[in-house]
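Printed here is upload_11.cif (mmCIF, C-alpha atoms):
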data_entry
#
loop_
_atom_site.group_PDB
_atom_site.id
_atom_site.type_symbol
_atom_site.label_atom_id
_atom_site.label_comp_id
_atom_site.auth_asym_id
_atom_site.auth_seq_id
_atom_site.Cartn_x
_atom_site.Cartn_y
_atom_site.Cartn_z
ATOM 1 C CA MET N 1 20.553 48.691 -32.667
ATOM 2 C CA THR N 2 18.304 45.615 -33.003
ATOM 3 C CA PHE N 3 15.195 47.691 -32.383
ATOM 4 C CA LEU N 4 16.355 50.380 -34.809
ATOM 5 C CA VAL N 5 16.660 47.657 -37.480
ATOM 6 C CA VAL N 6 13.177 46.400 -36.560
ATOM 7 C CA GLY N 7 11.842 49.965 -36.935
ATOM 8 C CA VAL N 8 13.429 50.358 -40.364
ATOM 9 C CA VAL N 9 12.031 47.013 -41.527
ATOM 10 C CA PHE N 10 8.565 47.970 -40.222
ATOM 11 C CA ALA N 11 8.705 51.384 -41.931
ATOM 12 C CA THR N 12 9.873 50.040 -45.292
ATOM 13 C CA SER N 13 7.321 47.233 -45.197
ATOM 14 C CA GLY N 14 4.604 49.801 -44.505
ATOM 15 C CA LEU N 15 5.821 51.822 -47.488
ATOM 16 C CA GLY N 16 5.668 48.667 -49.597
ATOM 17 C CA TRP N 17 2.078 48.020 -48.525
ATOM 18 C CA LEU N 18 1.152 51.578 -49.504
ATOM 19 C CA LEU N 19 2.848 51.214 -52.888
ATOM 20 C CA GLY N 20 1.303 47.819 -53.561
ATOM 21 C CA GLU N 21 2.844 44.430 -54.252
ATOM 22 C CA ASP N 22 3.531 44.940 -57.956
ATOM 23 C CA LEU N 23 5.328 48.272 -57.571
ATOM 24 C CA THR N 24 7.282 47.049 -54.523
ATOM 25 C CA TYR N 25 8.583 44.060 -56.482
ATOM 26 C CA ARG N 26 9.396 46.185 -59.540
ATOM 27 C CA VAL N 27 11.231 48.929 -57.614
ATOM 28 C CA PHE N 28 12.733 47.213 -54.549
ATOM 29 C CA GLY N 29 12.778 43.442 -55.174
ATOM 30 C CA PHE N 30 15.962 41.580 -56.016
ATOM 31 C CA SER N 31 16.488 39.449 -59.083
ATOM 32 C CA PRO N 32 19.877 38.318 -60.391
ATOM 33 C CA ARG N 33 19.028 39.858 -63.755
ATOM 34 C CA PHE N 34 19.243 43.277 -62.082
ATOM 35 C CA LEU N 35 22.966 42.704 -61.430
ATOM 36 C CA GLU N 36 23.630 43.454 -65.088
ATOM 37 C CA ASN N 37 22.859 47.123 -64.442
ATOM 38 C CA PRO N 38 25.015 48.831 -61.773
ATOM 39 C CA LEU N 39 22.204 51.334 -61.136
ATOM 40 C CA GLN N 40 20.092 48.437 -59.824
ATOM 41 C CA LEU N 41 22.552 47.261 -57.147
ATOM 42 C CA TYR N 42 20.584 49.100 -54.443
ATOM 43 C CA ARG N 43 18.156 46.156 -54.632
ATOM 44 C CA VAL N 44 20.679 43.934 -52.816
ATOM 45 C CA VAL N 45 19.831 45.980 -49.700
ATOM 46 C CA THR N 46 16.259 47.138 -50.324
ATOM 47 C CA SER N 47 14.892 43.682 -51.127
ATOM 48 C CA GLY N 48 15.630 42.566 -47.572
ATOM 49 C CA LEU N 49 13.811 45.453 -45.950
ATOM 50 C CA PHE N 50 10.360 44.947 -47.475
ATOM 51 C CA HIS N 51 7.662 42.392 -46.681
ATOM 52 C CA LEU N 52 4.464 41.787 -48.589
ATOM 53 C CA ASN N 53 2.234 40.913 -45.654
ATOM 54 C CA TRP N 54 1.970 40.968 -41.871
ATOM 55 C CA GLY N 55 2.585 37.246 -41.467
ATOM 56 C CA HIS N 56 5.893 37.420 -43.332
ATOM 57 C CA LEU N 57 6.994 40.479 -41.360
ATOM 58 C CA ILE N 58 5.963 39.230 -37.907
ATOM 59 C CA GLY N 59 7.397 35.758 -38.549
ATOM 60 C CA ASN N 60 10.771 37.189 -39.501
ATOM 61 C CA LEU N 61 10.943 39.687 -36.665
ATOM 62 C CA THR N 62 9.792 37.167 -34.037
ATOM 63 C CA LEU N 63 12.834 35.045 -34.851
ATOM 64 C CA PHE N 64 15.156 37.974 -35.501
ATOM 65 C CA VAL N 65 14.785 39.902 -32.231
ATOM 66 C CA PRO N 66 15.902 37.314 -29.636
ATOM 67 C CA PHE N 67 18.837 36.031 -31.690
ATOM 68 C CA SER N 68 19.829 39.532 -32.790
ATOM 69 C CA LEU N 69 19.854 40.855 -29.227
ATOM 70 C CA GLY N 70 22.232 38.061 -28.236
ATOM 71 C CA VAL N 71 24.537 38.732 -31.183
ATOM 72 C CA GLU N 72 24.443 42.491 -30.662
ATOM 73 C CA LYS N 73 25.303 42.118 -26.971
ATOM 74 C CA ALA N 74 28.239 39.795 -27.682
ATOM 75 C CA HIS N 75 29.565 41.680 -30.737
ATOM 76 C CA PRO N 76 28.396 45.303 -30.735
ATOM 77 C CA ASP N 77 31.267 46.492 -32.939
ATOM 78 C CA THR N 78 30.662 43.967 -35.726
ATOM 79 C CA TYR N 79 26.881 43.540 -35.507
ATOM 80 C CA LEU N 80 25.988 45.643 -38.548
ATOM 81 C CA GLY N 81 28.667 43.873 -40.578
ATOM 82 C CA LEU N 82 26.910 40.574 -39.896
ATOM 83 C CA LEU N 83 23.588 41.974 -41.105
ATOM 84 C CA LEU N 84 25.186 43.314 -44.268
ATOM 85 C CA ILE N 85 27.053 40.081 -45.054
ATOM 86 C CA ALA N 86 23.965 37.959 -44.368
ATOM 87 C CA GLY N 87 21.909 40.170 -46.683
ATOM 88 C CA ILE N 88 24.487 40.056 -49.465
ATOM 89 C CA SER N 89 25.005 36.304 -49.130
ATOM 90 C CA SER N 90 21.244 35.852 -49.225
ATOM 91 C CA THR N 91 21.158 37.509 -52.652
ATOM 92 C CA LEU N 92 24.037 35.241 -53.706
ATOM 93 C CA GLY N 93 21.897 32.222 -52.766
ATOM 94 C CA THR N 94 19.086 33.641 -54.874
ATOM 95 C CA THR N 95 21.529 34.188 -57.730
ATOM 96 C CA LEU N 96 22.790 30.605 -57.496
ATOM 97 C CA ILE N 97 19.352 29.086 -58.044
ATOM 98 C CA TYR N 98 18.750 31.527 -60.899
ATOM 99 C CA LEU N 99 21.981 30.473 -62.607
ATOM 100 C CA LEU N 100 21.545 26.737 -62.002
ATOM 101 C CA HIS N 101 17.939 26.519 -63.136
ATOM 102 C CA ASP N 102 17.557 29.540 -65.398
ATOM 103 C CA GLN N 103 14.537 30.341 -63.274
ATOM 104 C CA GLU N 104 13.128 33.866 -62.976
ATOM 105 C CA VAL N 105 12.932 34.924 -59.350
ATOM 106 C CA ILE N 106 12.265 38.195 -57.570
ATOM 107 C CA SER N 107 12.999 38.118 -53.876
ATOM 108 C CA ILE N 108 11.615 40.291 -51.084
ATOM 109 C CA GLY N 109 11.987 39.846 -47.334
ATOM 110 C CA PHE N 110 14.330 39.858 -44.352
ATOM 111 C CA SER N 111 14.506 36.075 -44.034
ATOM 112 C CA GLY N 112 18.037 35.730 -45.430
ATOM 113 C CA VAL N 113 19.325 38.145 -42.800
ATOM 114 C CA VAL N 114 17.337 36.345 -40.104
ATOM 115 C CA TYR N 115 18.857 33.010 -41.145
ATOM 116 C CA GLY N 116 22.312 34.620 -41.080
ATOM 117 C CA VAL N 117 21.843 35.982 -37.560
ATOM 118 C CA ILE N 118 20.492 32.657 -36.285
ATOM 119 C CA ALA N 119 23.345 30.718 -37.925
ATOM 120 C CA ALA N 120 25.988 33.064 -36.473
ATOM 121 C CA PHE N 121 24.378 32.877 -33.027
ATOM 122 C CA LEU N 122 24.239 29.070 -33.091
ATOM 123 C CA ALA N 123 27.788 28.800 -34.444
ATOM 124 C CA GLU N 124 28.998 30.508 -31.293
ATOM 125 C CA ARG N 125 26.772 28.536 -28.953
ATOM 126 C CA PRO N 126 26.554 24.980 -30.329
ATOM 127 C CA THR N 127 26.179 23.395 -26.894
ATOM 128 C CA ASP N 128 23.823 25.969 -25.338
ATOM 129 C CA LEU N 129 20.399 24.503 -24.618
ATOM 130 C CA PHE N 130 17.299 26.067 -26.142
ATOM 131 C CA LEU N 131 13.901 25.510 -24.542
ATOM 132 C CA GLY N 132 15.913 23.875 -21.796
ATOM 133 C CA PHE N 133 16.883 20.717 -23.698
ATOM 134 C CA ILE N 134 17.699 21.303 -27.401
ATOM 135 C CA PRO N 135 21.415 21.864 -28.076
ATOM 136 C CA GLY N 136 22.228 24.703 -30.468
ATOM 137 C CA TRP N 137 23.880 22.409 -33.000
ATOM 138 C CA LEU N 138 20.714 20.276 -33.202
ATOM 139 C CA LEU N 139 18.506 23.338 -33.597
ATOM 140 C CA GLY N 140 20.748 24.578 -36.418
ATOM 141 C CA ALA N 141 20.797 21.162 -38.100
ATOM 142 C CA ALA N 142 17.000 20.914 -37.880
ATOM 143 C CA TYR N 143 16.577 24.395 -39.363
ATOM 144 C CA LEU N 144 18.964 23.528 -42.194
ATOM 145 C CA GLY N 145 17.241 20.200 -42.816
ATOM 146 C CA MET N 146 13.798 21.800 -42.960
ATOM 147 C CA THR N 147 15.017 24.433 -45.412
ATOM 148 C CA LEU N 148 16.672 21.861 -47.689
ATOM 149 C CA TYR N 149 13.580 19.651 -47.515
ATOM 150 C CA ASP N 150 11.349 22.567 -48.513
ATOM 151 C CA ALA N 151 13.729 23.693 -51.262
ATOM 152 C CA PHE N 152 14.065 20.317 -52.950
ATOM 153 C CA ILE N 153 11.204 18.033 -51.920
ATOM 154 C CA SER N 154 8.237 19.489 -50.082
ATOM 155 C CA ALA N 155 7.721 22.883 -51.669
ATOM 156 C CA PRO N 156 10.245 23.721 -54.398
ATOM 157 C CA ASP N 157 7.686 25.864 -56.261
ATOM 158 C CA ASP N 158 6.124 27.640 -53.271
ATOM 159 C CA HIS N 159 7.503 31.096 -54.187
ATOM 160 C CA VAL N 160 9.683 31.112 -51.066
ATOM 161 C CA ASP N 161 13.331 31.960 -51.681
ATOM 162 C CA HIS N 162 14.778 28.921 -49.901
ATOM 163 C CA PHE N 163 18.173 29.458 -51.500
ATOM 164 C CA GLY N 164 18.181 33.049 -50.261
ATOM 165 C CA HIS N 165 17.608 31.644 -46.767
ATOM 166 C CA LEU N 166 20.477 29.205 -47.202
ATOM 167 C CA GLY N 167 22.713 31.947 -48.596
ATOM 168 C CA GLY N 168 22.006 34.120 -45.551
ATOM 169 C CA ALA N 169 22.781 31.211 -43.208
ATOM 170 C CA VAL N 170 26.075 30.504 -44.981
ATOM 171 C CA GLY N 171 26.985 34.194 -44.738
ATOM 172 C CA GLY N 172 26.241 34.167 -40.996
ATOM 173 C CA LEU N 173 28.345 31.045 -40.441
ATOM 174 C CA VAL N 174 31.276 32.394 -42.450
ATOM 175 C CA TYR N 175 31.063 35.735 -40.651
ATOM 176 C CA ALA N 176 31.051 34.086 -37.220
ATOM 177 C CA GLU N 177 33.986 31.887 -38.163
ATOM 178 C CA PHE N 178 36.224 34.520 -39.719
ATOM 179 C CA VAL N 179 35.292 37.727 -37.922
ATOM 180 C CA TRP N 180 34.527 36.496 -34.405
ATOM 181 C CA SER N 181 37.055 33.666 -34.077
#

Rewrite the structure from the file as structure tokens, please.
Amino acid sequence: MTFLVVGVVFATSGLGWLLGEDLTYRVFGFSPRFLENPLQLYRVVTSGLFHLNWGHLIGNLTLFVPFSLGVEKAHPDTYLGLLLIAGISSTLGTTLIYLLHDQEVISIGFSGVVYGVIAAFLAERPTDLFLGFIPGWLLGAAYLGMTLYDAFISAPDDHVDHFGHLGGAVGGLVYAEFVWS
């Protein structure tokens, strides 16, 4: 299933590149203002499938594949539910920053889902060692710290949806806690 998801994300990103950045944002991107129109709710899903460049796509999929394979192997029956919840919670993170700061944002990318998968994986394996010496809880804490640092201090205006990332991670943690426990 992981590689099917990768194929879908590759195909939709390719479509987005053919359509161009402006049209991809206007048709498939997510913004909280679109929630006012029920006919625009499809964007909650489509925004996570598109990427605007190769670096964004490859970066997301490089992190997604190893963690996703582990999650899929351990929880094949609930794997797609995790992806859906992480994607939805990612858009909730985007919505939160929009509501708190009255800031226009249009989000595109799979990062919220990737953060959700990583968070769920690490929630189940907090003492596993990564790279032979980094415990899962420390890796998760470092990832969270870097995201918060970027969101508030280092790069708050860098056009990266840091709160979408955090929303996806929260969705992954909640899913692991309530569905897998």

Between atom CA of Pro135 of chain N and atom CA of Leu84 of chain N - distance in Å to one decimal: 27.1 Å

Who sits within 8 Å of segment 161-170 of chain N, all atoms listed in the file, same chain under 2 positions skipped, as a VMD selection string: chain N and resid 85 to 94 96 to 97 107 111 to 120 144 147 to 148 150 to 151 159 172 to 174

Non-local contacts of Val27 of chain N (10 Å; only C-alpha atoms; under 6 positions in same chain excluded) as a ChimeraX atom specification: /N:16,19,40,42-43,46-47

Interatomic distance (Å, one decimal) between atom CA of Tyr143 of chain N and atom CA of His56 of chain N: 17.3 Å

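Atom CA of Phe30 of chain N lies 21.2 Å from atom CA of Gly7 of chain N.
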
Shell around Val9 of chain N at 9 Å using all atoms listed in the file, local window under 4 positions removed, as a PyMOL selection string: chain N and resi 4-5+13-14+48-51+57+61+110

Grab the residues selected above and save them as a PDB file, in the coordinates of the input with C-alpha atoms.
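What ended up in part_39.pdb:
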ATOM      1  CA  LEU N   4      16.355  50.380 -34.809  1.00  0.00           C
ATOM      2  CA  VAL N   5      16.660  47.657 -37.480  1.00  0.00           C
ATOM      3  CA  SER N  13       7.321  47.233 -45.197  1.00  0.00           C
ATOM      4  CA  GLY N  14       4.604  49.801 -44.505  1.00  0.00           C
ATOM      5  CA  GLY N  48      15.630  42.566 -47.572  1.00  0.00           C
ATOM      6  CA  LEU N  49      13.811  45.453 -45.950  1.00  0.00           C
ATOM      7  CA  PHE N  50      10.360  44.947 -47.475  1.00  0.00           C
ATOM      8  CA  HIS N  51       7.662  42.392 -46.681  1.00  0.00           C
ATOM      9  CA  LEU N  57       6.994  40.479 -41.360  1.00  0.00           C
ATOM     10  CA  LEU N  61      10.943  39.687 -36.665  1.00  0.00           C
ATOM     11  CA  PHE N 110      14.330  39.858 -44.352  1.00  0.00           C
TER      12      PHE N 110
END

Shell around Val71 of chain N at 10 Å using all atoms listed in the file, local window under 4 positions removed, as a PyMOL selection string: chain N and resi 2+65-67+75-76+78-79+82+117-118+120-122+124

Residue with smallest distance to Arg33 of chain N - pool N:Asn60, N:Met1, N:Val105, N:Trp180, counting only C-alpha atoms: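 Result for the nearest residue to Arg33 of chain N: N:Val105.
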
Is it possible to get the axis-aligned box enclosing segment 21-24 of chain N (all listed atoms, 4 Å extra per side) as AutoDock Vina command-line options, with centre and edge lengths in Å rounded to one decimal?
--center_x 5.1 --center_y 46.4 --center_z -56.1 --size_x 12.4 --size_y 11.8 --size_z 11.7

Output of the PyMOL selection byres ((chain N and resi 138) around 12), listed as a list in words: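 Selected by the PyMOL selection byres ((chain N and resi 138) around 12) in this file: Ala119, Leu122, Ala123, Arg125, Pro126, Thr127, Asp128, Leu129, Phe130, Phe133, Ile134, Pro135, Gly136, Trp137, Leu139, Gly140, Ala141, Ala142, Tyr143, Leu144 and Gly145 of chain N.
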